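Engineer: File input-v4.cif below, mmCIF, C-alpha atoms and all ligand atoms:
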data_data
loop_
_atom_site.label_atom_id
_atom_site.label_comp_id
_atom_site.auth_asym_id
_atom_site.auth_seq_id
_atom_site.Cartn_x
_atom_site.Cartn_y
_atom_site.Cartn_z
CA MET L 27 43.19 69.56 71.20
CA ASP L 28 39.76 68.47 72.36
CA ARG L 29 37.76 65.69 70.77
CA LYS L 30 35.67 67.94 68.52
CA GLN L 31 38.76 69.68 67.18
CA PHE L 32 40.41 66.32 66.64
CA ILE L 33 37.49 65.00 64.61
CA GLN L 34 37.19 68.22 62.62
CA ASN L 35 40.92 68.37 61.90
CA SER L 36 40.96 64.71 60.95
CA LEU L 37 38.09 65.25 58.53
CA ILE L 38 39.91 68.21 57.00
CA ILE L 39 43.05 66.12 56.59
CA GLY L 40 40.95 63.40 54.97
CA GLY L 41 40.01 65.74 52.13
CA ALA L 42 42.96 68.12 52.30
CA THR L 43 43.51 68.34 48.57
CA ILE L 44 40.42 70.44 47.98
CA LEU L 45 39.06 71.67 51.29
CA PRO L 46 39.64 75.22 52.51
CA ALA L 47 40.65 75.76 56.14
CA ASN L 48 37.08 76.55 57.21
CA SER L 49 35.90 73.29 55.70
CA SER L 50 32.18 72.76 55.37
CA LEU L 51 32.79 69.10 56.20
CA ALA L 52 34.35 70.04 59.54
CA ALA L 53 31.29 72.17 60.23
CA SER L 54 29.00 69.29 59.32
CA VAL L 55 29.55 67.27 62.51
CA ASN L 56 28.44 68.17 66.02
CA GLU L 57 30.49 67.93 69.21
CA SER L 58 29.78 64.18 69.40
CA GLY L 59 31.21 63.71 65.93
CA ILE L 60 27.89 62.85 64.30
CA ASP L 61 26.44 64.53 61.23
CA LYS L 62 24.41 67.71 61.66
CA LEU L 63 21.23 67.02 59.71
CA VAL L 64 18.86 69.53 61.36
CA ASP L 65 19.08 73.21 62.25
CA GLU L 66 18.36 74.69 65.68
CA ASN L 67 14.60 74.65 64.91
CA GLY L 68 14.57 70.98 64.02
CA ASN L 69 14.28 71.57 60.27
CA PHE L 70 16.23 69.16 58.08
CA ILE L 71 19.21 70.80 56.36
CA GLN L 72 21.54 69.55 53.64
CA GLN L 73 25.23 70.22 54.17
CA THR L 74 27.29 71.34 51.19
CA LEU L 75 29.18 68.61 49.36
CA PRO L 76 32.63 68.16 50.97
CA TYR L 77 34.33 68.40 47.55
CA ALA L 78 33.81 69.59 43.98
CA GLU L 79 31.38 67.61 41.84
CA ASN L 80 34.21 66.25 39.66
CA PHE L 81 36.36 65.22 42.64
CA LEU L 82 35.58 61.51 42.34
CA GLU L 83 36.15 61.25 38.56
CA PRO L 84 36.51 58.92 36.79
CA TYR L 85 34.79 56.49 39.19
CA MET L 86 31.86 58.80 39.85
CA ASP L 87 31.20 61.34 37.10
CA ALA L 88 30.41 64.99 37.81
CA GLU L 89 27.00 64.92 36.14
CA THR L 90 25.83 61.97 38.24
CA MET L 91 27.20 63.67 41.35
CA HIS L 92 25.37 66.90 40.52
CA LEU L 93 22.01 65.24 39.89
CA HIS L 94 22.39 62.85 42.82
CA TYR L 95 23.32 65.50 45.39
CA THR L 96 20.99 68.24 44.15
CA PHE L 97 17.83 66.38 43.23
CA HIS L 98 17.90 62.99 44.93
CA HIS L 99 19.45 63.92 48.26
CA GLY L 100 18.04 67.48 48.06
CA GLY L 101 14.60 66.10 47.26
CA ALA L 102 14.72 63.83 50.28
CA VAL L 103 15.51 66.79 52.56
CA LYS L 104 12.58 68.76 51.16
CA GLY L 105 10.38 65.69 51.47
CA ALA L 106 11.36 65.07 55.08
CA ASN L 107 10.55 68.66 56.03
CA ASN L 108 7.16 68.40 54.36
CA ASP L 109 6.41 65.02 55.99
CA LEU L 110 7.24 66.37 59.43
CA LYS L 111 5.01 69.39 58.82
CA LYS L 112 2.13 67.11 57.78
CA VAL L 113 2.52 64.98 60.91
CA LYS L 114 2.40 68.11 63.07
CA GLU L 115 -0.62 69.47 61.18
CA ALA L 116 -2.47 66.19 61.63
CA LEU L 117 -1.80 66.24 65.38
CA ASP L 118 -2.73 69.94 65.68
CA SER L 119 -6.02 69.47 63.83
CA ASN L 120 -6.77 66.20 65.58
CA ASN L 121 -7.21 64.56 62.18
CA LEU L 122 -5.30 61.29 62.23
CA GLU L 123 -6.63 59.86 58.97
CA THR L 124 -3.41 60.38 57.00
CA ILE L 125 -0.86 60.36 59.79
CA ASP L 126 0.31 56.81 59.09
CA PHE L 127 1.05 57.81 55.48
CA TRP L 128 3.18 60.81 56.52
CA THR L 129 4.92 58.81 59.22
CA LYS L 130 6.04 56.26 56.64
CA LYS L 131 7.09 59.02 54.26
CA LEU L 132 9.14 60.65 57.00
CA SER L 133 10.91 57.37 57.67
CA PHE L 134 11.70 57.04 53.95
CA HIS L 135 12.88 60.62 53.38
CA PHE L 136 14.78 61.13 56.63
CA SER L 137 16.55 57.79 56.23
CA SER L 138 17.52 58.88 52.71
CA HIS L 139 18.87 62.16 54.13
CA ILE L 140 20.90 60.34 56.78
CA LEU L 141 22.40 57.80 54.37
CA HIS L 142 23.21 60.31 51.61
CA SER L 143 24.85 62.68 54.12
CA ILE L 144 27.08 59.85 55.30
CA PHE L 145 27.68 58.57 51.75
CA TRP L 146 29.35 61.82 50.54
CA THR L 147 31.83 61.76 53.41
CA ASN L 148 32.46 58.03 52.86
CA LEU L 149 34.06 58.78 49.47
CA THR L 150 37.42 60.27 48.56
CA ASN L 151 39.74 60.44 45.57
CA LYS L 152 42.54 58.32 46.96
CA LYS L 153 42.93 54.73 48.11
CA THR L 154 42.46 54.25 51.84
CA GLN L 155 42.45 51.21 54.14
CA PRO L 156 40.68 50.47 57.43
CA SER L 157 42.89 51.33 60.40
CA GLY L 158 42.93 51.51 64.19
CA GLU L 159 39.93 50.25 66.12
CA LEU L 160 37.98 49.75 62.89
CA LEU L 161 40.56 47.35 61.48
CA LYS L 162 40.70 45.51 64.83
CA ARG L 163 36.93 45.10 64.83
CA ILE L 164 36.86 43.99 61.19
CA GLU L 165 39.46 41.32 61.89
CA LYS L 166 37.65 40.22 65.02
CA ASN L 167 34.23 39.99 63.33
CA TYR L 168 35.19 38.91 59.81
CA GLY L 169 38.75 37.57 59.88
CA THR L 170 40.27 39.89 57.30
CA TYR L 171 39.54 43.12 55.45
CA ASP L 172 39.56 41.14 52.18
CA LYS L 173 36.76 38.90 53.47
CA LEU L 174 34.75 41.93 54.53
CA LYS L 175 35.24 43.47 51.07
CA LEU L 176 33.79 40.34 49.45
CA TYR L 177 30.88 40.45 51.89
CA ILE L 178 30.19 44.17 51.26
CA ALA L 179 30.37 43.66 47.50
CA ALA L 180 28.05 40.63 47.46
CA THR L 181 25.56 42.32 49.77
CA SER L 182 25.49 45.59 47.82
CA LYS L 183 25.34 44.03 44.36
CA ASN L 184 22.47 41.71 45.23
CA ILE L 185 19.97 44.09 46.80
CA ASP L 186 16.48 43.53 45.41
CA GLY L 187 15.57 46.78 43.65
CA ASN L 188 16.87 50.05 45.11
CA GLY L 189 18.79 50.15 48.35
CA TRP L 190 22.06 50.36 50.24
CA GLY L 191 24.84 48.13 51.50
CA ILE L 192 25.58 49.38 55.02
CA LEU L 193 28.50 48.56 57.30
CA ALA L 194 27.40 49.56 60.78
CA TYR L 195 28.32 49.43 64.44
CA GLN L 196 25.66 47.51 66.38
CA PRO L 197 25.83 48.61 70.04
CA TYR L 198 23.56 45.84 71.35
CA SER L 199 26.04 43.18 70.26
CA ASP L 200 29.07 45.49 70.40
CA SER L 201 30.05 44.36 66.92
CA ILE L 202 30.45 45.46 63.33
CA THR L 203 27.55 44.25 61.21
CA LEU L 204 26.45 44.42 57.58
CA LEU L 205 22.94 45.37 56.46
CA GLN L 206 21.28 44.85 53.09
CA CYS L 207 18.90 47.80 53.19
CA GLU L 208 15.99 48.09 50.75
CA ASN L 209 14.81 51.59 49.80
CA HIS L 210 16.35 53.74 52.55
CA GLU L 211 14.72 52.38 55.68
CA LYS L 212 13.99 48.65 55.41
CA LEU L 213 15.86 45.63 56.78
CA THR L 214 17.71 47.36 59.58
CA GLN L 215 18.69 46.10 63.02
CA TRP L 216 17.55 48.70 65.55
CA GLY L 217 20.29 50.79 67.06
CA CYS L 218 22.80 50.36 64.25
CA ILE L 219 25.09 53.33 63.58
CA PRO L 220 26.21 53.44 59.92
CA LEU L 221 29.96 53.63 59.27
CA MET L 222 30.22 53.01 55.53
CA VAL L 223 27.23 53.13 53.18
CA ILE L 224 26.98 52.15 49.52
CA ASP L 225 24.19 53.63 47.43
CA VAL L 226 23.03 51.18 44.77
CA TRP L 227 19.90 53.04 43.70
CA GLU L 228 19.97 53.27 39.90
CA HIS L 229 20.34 57.07 40.12
CA ALA L 230 23.77 56.51 41.70
CA TYR L 231 25.27 54.87 38.61
CA TYR L 232 22.98 54.64 35.58
CA LEU L 233 24.47 57.51 33.50
CA LYS L 234 27.98 56.07 33.56
CA TYR L 235 27.54 52.37 34.29
CA LYS L 236 24.13 51.83 32.63
CA ASN L 237 22.62 48.59 33.95
CA LYS L 238 25.96 47.30 35.33
CA ARG L 239 25.54 47.73 39.06
CA THR L 240 28.25 45.14 39.61
CA ASP L 241 30.83 47.29 37.79
CA PHE L 242 29.77 50.34 39.80
CA VAL L 243 30.18 48.56 43.14
CA ASP L 244 33.59 47.21 42.08
CA ALA L 245 34.66 50.73 41.01
CA LEU L 246 33.50 52.23 44.32
CA PHE L 247 36.16 50.26 46.19
CA ASN L 248 38.72 52.67 44.63
CA ILE L 249 37.15 55.66 46.36
CA LEU L 250 35.76 54.37 49.69
CA ASN L 251 37.03 56.61 52.49
CA TRP L 252 38.02 54.17 55.24
CA ASP L 253 39.57 57.01 57.24
CA ASN L 254 36.08 58.49 57.54
CA ALA L 255 34.59 55.11 58.51
CA ALA L 256 37.26 54.73 61.21
CA LEU L 257 36.38 58.17 62.63
CA ARG L 258 32.72 57.22 62.58
CA LEU L 259 33.41 54.07 64.59
CA ASP L 260 35.43 56.02 67.17
CA ALA L 261 32.58 58.53 67.49
CA ALA L 262 29.98 55.71 67.76
CA LEU L 263 31.94 53.96 70.52
CA LYS L 264 32.14 57.25 72.46
CA LEU L 265 28.41 57.82 72.00
CA VAL L 266 27.33 54.49 73.46
CA LYS L 267 29.83 54.43 76.35
MN MN3 S 1 21.07 58.04 46.24
#
Give the structure from this file in structure tokens form.

Structural biologist:
Amino acid sequence: MDRKQFIQNSLIIGGATILPANSSLAASVNESGIDKLVDENGNFIQQTLPYAENFLEPYMDAETMHLHYTFHHGGAVKGANNDLKKVKEALDSNNLETIDFWTKKLSFHFSSHILHSIFWTNLTNKKTQPSGELLKRIEKNYGTYDKLKLYIAATSKNIDGNGWGILAYQPYSDSITLLQCENHEKLTQWGCIPLMVIDVWEHAYYLKYKNKRTDFVDALFNILNWDNAALRLDAALKLVK
């Protein structure tokens, strides 16, 4: 079994209860094990959800999942394609008056596309734990998984406005790091490769949890897919070698 097959098979096993053999999730990573977010022409594409919309009930309700995937993530993909088109048009027509606007928009929408694509695969309907190299790195950088959980929860719950808690591999320091991202693109460390992302935009929880973001983040710990995060770390380490 080569590496690509291994990653694809592992992803299938991770969601085996609902995925058919020709899983869309397996098709959603490239040979390096990273998410396929563009087609061969460079247009942004949204992969199908790796499970049914009610798969994460009761922690994430089907209606929220439907609206979130279709209109919030889907809208970001449409937006990113439009932004890229506008940047190209501005360059082609030698009219740079609005190019800074579209460049910022592209950063916002494409970052949203990246994070949402990872987010869906970071969730599953059973309890998982960090393992392998990921667990080793967590213990090296944070002491214990329990300490990291407290850190992830505090970081995600306390984001000013809309944003994401992001556990990432930082190649420049060869370490696991945590980001408190505002919107989709602010407060990063350059080079970080996301492993586990937590969407705390109001659209992610307001129907079911109302204003209680804290309850939503606590509930998410029941469905975080640490097997997927472990695969992502293995792929990231291969990429930067
Ligand atoms: Mn969202």

Engineer: With a cut-off of 7 Å, could you pull out the residues of chain L touching ligand MN3 1 (chain S) and give me the nearest pair of atoms for each, distance in Å to one decimal, using all atoms listed in the file, ordered by chain and ascending number, as CSV?

Structural biologist:
residue,atom,partner,partner_atom,distance
L:His94,CA,S:MN3_1,MN,6.0
L:His98,CA,S:MN3_1,MN,6.0
L:His99,CA,S:MN3_1,MN,6.4
L:His142,CA,S:MN3_1,MN,6.2
L:Asp225,CA,S:MN3_1,MN,5.5
L:Trp227,CA,S:MN3_1,MN,5.7
L:His229,CA,S:MN3_1,MN,6.2
L:Ala230,CA,S:MN3_1,MN,5.5

Engineer: Can you work out which one of L:Leu257, L:Ala245, L:Ile185, L:Ala262 has the shortest atom-to-atom distance to L:Asp200, counting all atoms listed in the file?

Structural biologist: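 Checking each candidate against L:Asp200, we get L:Ala262 as the closest.
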
Engineer: So the first atom is atom CA of L:Pro220 and the second is atom CA of L:Lys112; what is the distance between them in Å, to one decimal place?

Structural biologist: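 A separation of 27.8 Å between them.
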
Engineer: Quick one: residues within 8 Å of L:Thr203, all atoms listed in the file, excluding same-chain residues fewer than 4 positions away - as a PyMOL selection string?

Structural biologist: chain L and resi 193-196

Engineer: Would you list the contacts of stretch 72-86 of chain L as an MDAnalysis selection string, taking every protein, DNA or RNA residue within 8 Å and counting all atoms listed in the file, but skipping same-chain residues closer than 2 positions in sequence?

Structural biologist: chainID L and resid 41 44:45 49:51 54 62:63 70 88:92 95 100 103 139 143 146:147 149:151 231 234 242 245:246 248:249

Engineer: Just checking: using only C-alpha atoms, which residue out of L:Ile71, L:Val226, L:Ile219, L:Ala256 ends up closest to L:Lys183?

Structural biologist: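 The shortest atom-to-atom distance to L:Lys183 comes from L:Val226.
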
Engineer: For atom CA of L:Gln155 and atom CA of L:Leu204, quote the distance in Å rounded to one decimal.

Structural biologist: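 Pair atom CA of L:Gln155 / atom CA of L:Leu204 returns 17.7 Å.
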
Engineer: Please indicate the distance in Å from atom CA of L:Asp61 to atom CA of L:Trp128, rounded to one decimal place.

Structural biologist: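 Atom CA of L:Trp128 lies at a distance of 24.0 Å from atom CA of L:Asp61.
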
Engineer: Compare L:His210, L:Asn56, L:Gly217, L:Glu228 by their minimum atom-to-atom distance to L:Ile140, counting all atoms listed in the file, and give me the closest one.

Structural biologist: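 Result for the nearest residue to L:Ile140: L:His210.
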
Engineer: In terms of the shortest atom-to-atom distance over all atoms listed in the file, which of L:Val243, L:Leu250, L:Val266, L:Ala116 is closest to L:Leu176?

Structural biologist: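 Of L:Val243, L:Leu250, L:Val266, L:Ala116, the one nearest L:Leu176, counting all atoms listed in the file, is L:Val243.
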
Engineer: Do you know which residues are at most 10 Å from L:Asp186 counting all atoms listed in the file, after dropping those on the same chain fewer than 3 positions away, and could you put them as a list in words?

Structural biologist: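 Near L:Asp186, the qualifying residues are Ser182, Lys183, Gly189, Gln206, Cys207, Glu208 and Asn209 of chain L.
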
Engineer: Restrict the selected residues to C-alpha atoms and save them as a short mmCIF file (atom, residue, chain, number, x, y, z; two decimals), in the frame of the given file.

Structural biologist:
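This went into selection-v3.cif:
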data_model
loop_
_atom_site.label_atom_id
_atom_site.label_comp_id
_atom_site.auth_asym_id
_atom_site.auth_seq_id
_atom_site.Cartn_x
_atom_site.Cartn_y
_atom_site.Cartn_z
CA SER L 182 25.49 45.59 47.82
CA LYS L 183 25.34 44.03 44.36
CA GLY L 189 18.79 50.15 48.35
CA GLN L 206 21.28 44.85 53.09
CA CYS L 207 18.90 47.80 53.19
CA GLU L 208 15.99 48.09 50.75
CA ASN L 209 14.81 51.59 49.80
#
